[in-house]
Protein chains: 2
Amino acid sequence: MDNRPVGVFDSGLGGLTAVREIMNILPSENVIYFGDTGRVPYGGRSRETIIKYARQDVQFLQSFDLKAIVIACGTVSTTAMDVITREYTLPIFGVVDPTARRAAGATRNGKIALIGTQATVRSGAYERLIQKWNPEAEVRAYPCPLFVPLVENGRFRRGDIVIETVASEYLKPIRDWGADTLVLGCTHYPLLMDVIGEYLGGGVVLVNSGVEVAADLKRQLRIRDLTADPGQSGDCCYYVSDSVEGFSQLASVFLNRDLSDSVEKVDIEKY
Amino acid sequence: MDNRPVGVFDSGLGGLTAVREIMNILPSENVIYFGDTGRVPYGGRSRETIIKYARQDVQFLQSFDLKAIVIACGTVSTTAMDVITREYTLPIFGVVDPTARRAAGATRNGKIALIGTQATVRSGAYERLIQKWNPEAEVRAYPCPLFVPLVENGRFRRGDIVIETVASEYLKPIRDWGADTLVLGCTHYPLLMDVIGEYLGGGVVLVNSGVEVAADLKRQLRIRDLTADPGQSGDCCYYVSDSVEGFSQLASVFLNRDLSDSVEKVDIEKY
């Protein structure tokens, strides 16, 4: 048993969809969340800049006595995971491994599409891992750079012509190709499940990286004998690199509940 | 006569619309441009973070022997200008003063609308300055948070249902109110002039902050006897805080010409 908290970070708010899943299936775990809201979004930046920011995010989380870190950011998991895991001894889990494994097993026709930020698509990480688990599968990746700003501006509901137009442009080649499995390769995208599901139809399996990374964390903590005392009720503390007010407003949308817990500001450039 | 360069900075690419105007009307001036592409956009961030970033941007430009600095960013000009000008002895010009003066003089019915980022609207800077020049005028400000990401994703052309829908939502209250003057309070917005002009109709004067700050710079350099040798042909050097490749692609859209000049990367967090 180990009651030390799990650190979770993302470029901004998206990672909260993973926190929501962690709280659902691991209610005894304490979580320390860092959202780099002062430098969000990461998805359009270069690999070099993403690695630099990810290092600072991990360094900040390392200032707590943690038992593990979850990279709840599709962009960092695909672009900087190899560098980051080499540099630290703490167990670090990203979204790509479990999500790729789920997608590899879910496809029936062997056509798996991936949507993500420009950096995630550029990395090729999902293609490599999915093909490790399912060498027969064909993977095609599509960047969706406007999804993050649209979601962060509250435009993720069915019936909104702006998100529906952008979604249909991004998803048309996926529907035309006939993929039966779609990886939501960015932790912002679960908020778009209704819009995406409606456009692609019920025959396409949507793989949610927040759900997969939470399930993987549960498995990994059990294997390493790191689970918290099941009798305790876990807490979550939030840290951000821009103002606390701006964060709290939107966070409740991602968490799907009121953010009553504590939020503090951090000078991330010092790490 | 003074051949030292003028420093120009913005959160990212938007300020290039001001550089374009400076090159047009001051072809002998050397310009050093800094775009903080590693931390763009600024417009949704807190005042505290914007001031911190603006200080680093000025510190970096100060590493050159400059004769003046132009803040070609609506968000920094409205939010951090007072703090920044107090801290440095170099002449520093922002977009707000000349743009507010132009708008104050252009209105005939006294109804002036302002569009800008969330930070620009929150600052109230345009309202204060316009009313200094025209105490009769009424000013109403409207935040347009999606305009910057849409422009940066190339969605600024007439006939694009996404930008036209977003623009009509943002601009409808302005048209309903009957403003005859609209301040484009962000240096990204000149790329939207066609879309905005079509929606509002020809009776509304669109005040372009890039044009106004360039005209102001010309006036100020003349007053202070700082203009460059008119026989020389000015150069522009570009510095960015993220990758050079990503910048060069989009920059030509903002400059309306090929970016053949040099671009270098800077570690802005060191300043």
# chains A, B, ... in the order shown; residues from 1 in each chain; ligands from 1

call {"tool": "interface_residues", "arguments": {"of": "chain B", "to": "chain A", "cutoff": "6 Å", "atoms": "only C-alpha atoms", "output": "ChimeraX atom specification"}}
result
/B:39,46,162,243

call {"tool": "residues_around", "arguments": {"residues": "Val19 of chain A", "least_positions_apart": "6", "cutoff": "10 Å", "atoms": "only C-alpha atoms", "output": "MDAnalysis selection string"}}
result
chainID A and resid 8:9 26 31:33 70 72 210:211 213:214 236 254:255

call {"tool": "select_by_dssp", "arguments": {"residues": "segment 19-247 of chain A", "states": "strand (DSSP E)", "output": "number ranges by chain"}}
result
A: 31-35, 68-71, 92-94, 111-116, 138-143, 181-184, 205-208, 236-240

call {"tool": "closest_residue", "arguments": {"among": "A:Ile25, A:Ala179, A:Val263, A:Ala80", "to": "Asn109 of chain A", "atoms": "only C-alpha atoms"}}
result
A:Ala179

call {"tool": "closest_residue", "arguments": {"among": "A:Gln249, A:Gln118, A:Thr227, A:Asn134", "to": "Asn3 of chain A", "atoms": "only C-alpha atoms"}}
result
A:Thr227

call {"tool": "select_by_dssp", "arguments": {"residues": "segment 49-91 of chain B", "states": "helix (DSSP H, G or I)", "output": "ChimeraX atom specification"}}
result
/B:49-61,74-79,81-87

call {"tool": "residues_around", "arguments": {"residues": "segment 94-106 of chain B", "least_positions_apart": "2", "cutoff": "7 Å", "atoms": "only C-alpha atoms", "output": "ChimeraX atom specification"}}
result
/B:70-72,74,77-78,92,108,126,129-130,133-134,181,183,207,209,212-213,216

call {"tool": "residues_around", "arguments": {"residues": "Ser262 of chain A", "least_positions_apart": "4", "cutoff": "10 Å", "atoms": "only C-alpha atoms", "output": "ChimeraX atom specification"}}
result
/A:235-239,244,248

call {"tool": "residues_around", "arguments": {"residues": "Ala167 of chain A", "least_positions_apart": "4", "cutoff": "12 Å", "atoms": "only C-alpha atoms", "output": "ChimeraX atom specification"}}
result
/A:115,142-148,150-151,155-163,171-175,189,192-200 /B:162

call {"tool": "atom_distance", "arguments": {"atom1": "atom CA of Glu21 of chain B", "atom2": "atom CA of Arg222 of chain B"}}
result
16.8 Å

call {"tool": "atom_distance", "arguments": {"atom1": "atom CA of Leu13 of chain A", "atom2": "atom CA of Cys186 of chain A"}}
result
11.1 Å

call {"tool": "residues_around", "arguments": {"residues": "Asp10 of chain A", "least_positions_apart": "4", "cutoff": "8 Å", "atoms": "only C-alpha atoms", "output": "list in words"}}
result
Gly14, Gly15, Phe34, Gly35, Asp36, Ile71, Ala72, Cys73 and Val76 of chain A

call {"tool": "write_last_selection", "arguments": {"atoms": "N, CA and C atoms", "output": "CSV table (one decimal), in the first residue's frame"}}
result
chain,number,residue,atom,x,y,z
A,14,GLY,N,-7.1,19.8,-21.0
A,14,GLY,CA,-7.5,18.6,-21.6
A,14,GLY,C,-7.3,17.4,-20.7
A,15,GLY,N,-6.1,17.4,-20.0
A,15,GLY,CA,-5.8,16.3,-19.1
A,15,GLY,C,-6.8,16.0,-18.0
A,34,PHE,N,-1.1,19.2,-12.7
A,34,PHE,CA,-0.5,20.4,-13.2
A,34,PHE,C,-0.9,20.7,-14.6
A,35,GLY,N,-1.5,21.8,-14.9
A,35,GLY,CA,-1.9,22.3,-16.2
A,35,GLY,C,-1.1,23.5,-16.6
A,36,ASP,N,-0.4,23.4,-17.7
A,36,ASP,CA,0.5,24.5,-18.1
A,36,ASP,C,-0.2,25.6,-18.9
A,71,ILE,N,1.3,11.2,-17.9
A,71,ILE,CA,1.4,12.3,-18.9
A,71,ILE,C,0.0,12.3,-19.6
A,72,ALA,N,-0.9,13.1,-19.1
A,72,ALA,CA,-2.3,13.1,-19.7
A,72,ALA,C,-2.4,14.1,-20.8
A,73,CYS,N,-1.4,14.1,-21.7
A,73,CYS,CA,-1.3,15.0,-22.8
A,73,CYS,C,-0.9,14.2,-24.0
A,76,VAL,N,2.5,15.5,-25.6
A,76,VAL,CA,3.7,15.2,-24.8
A,76,VAL,C,4.0,13.7,-24.9
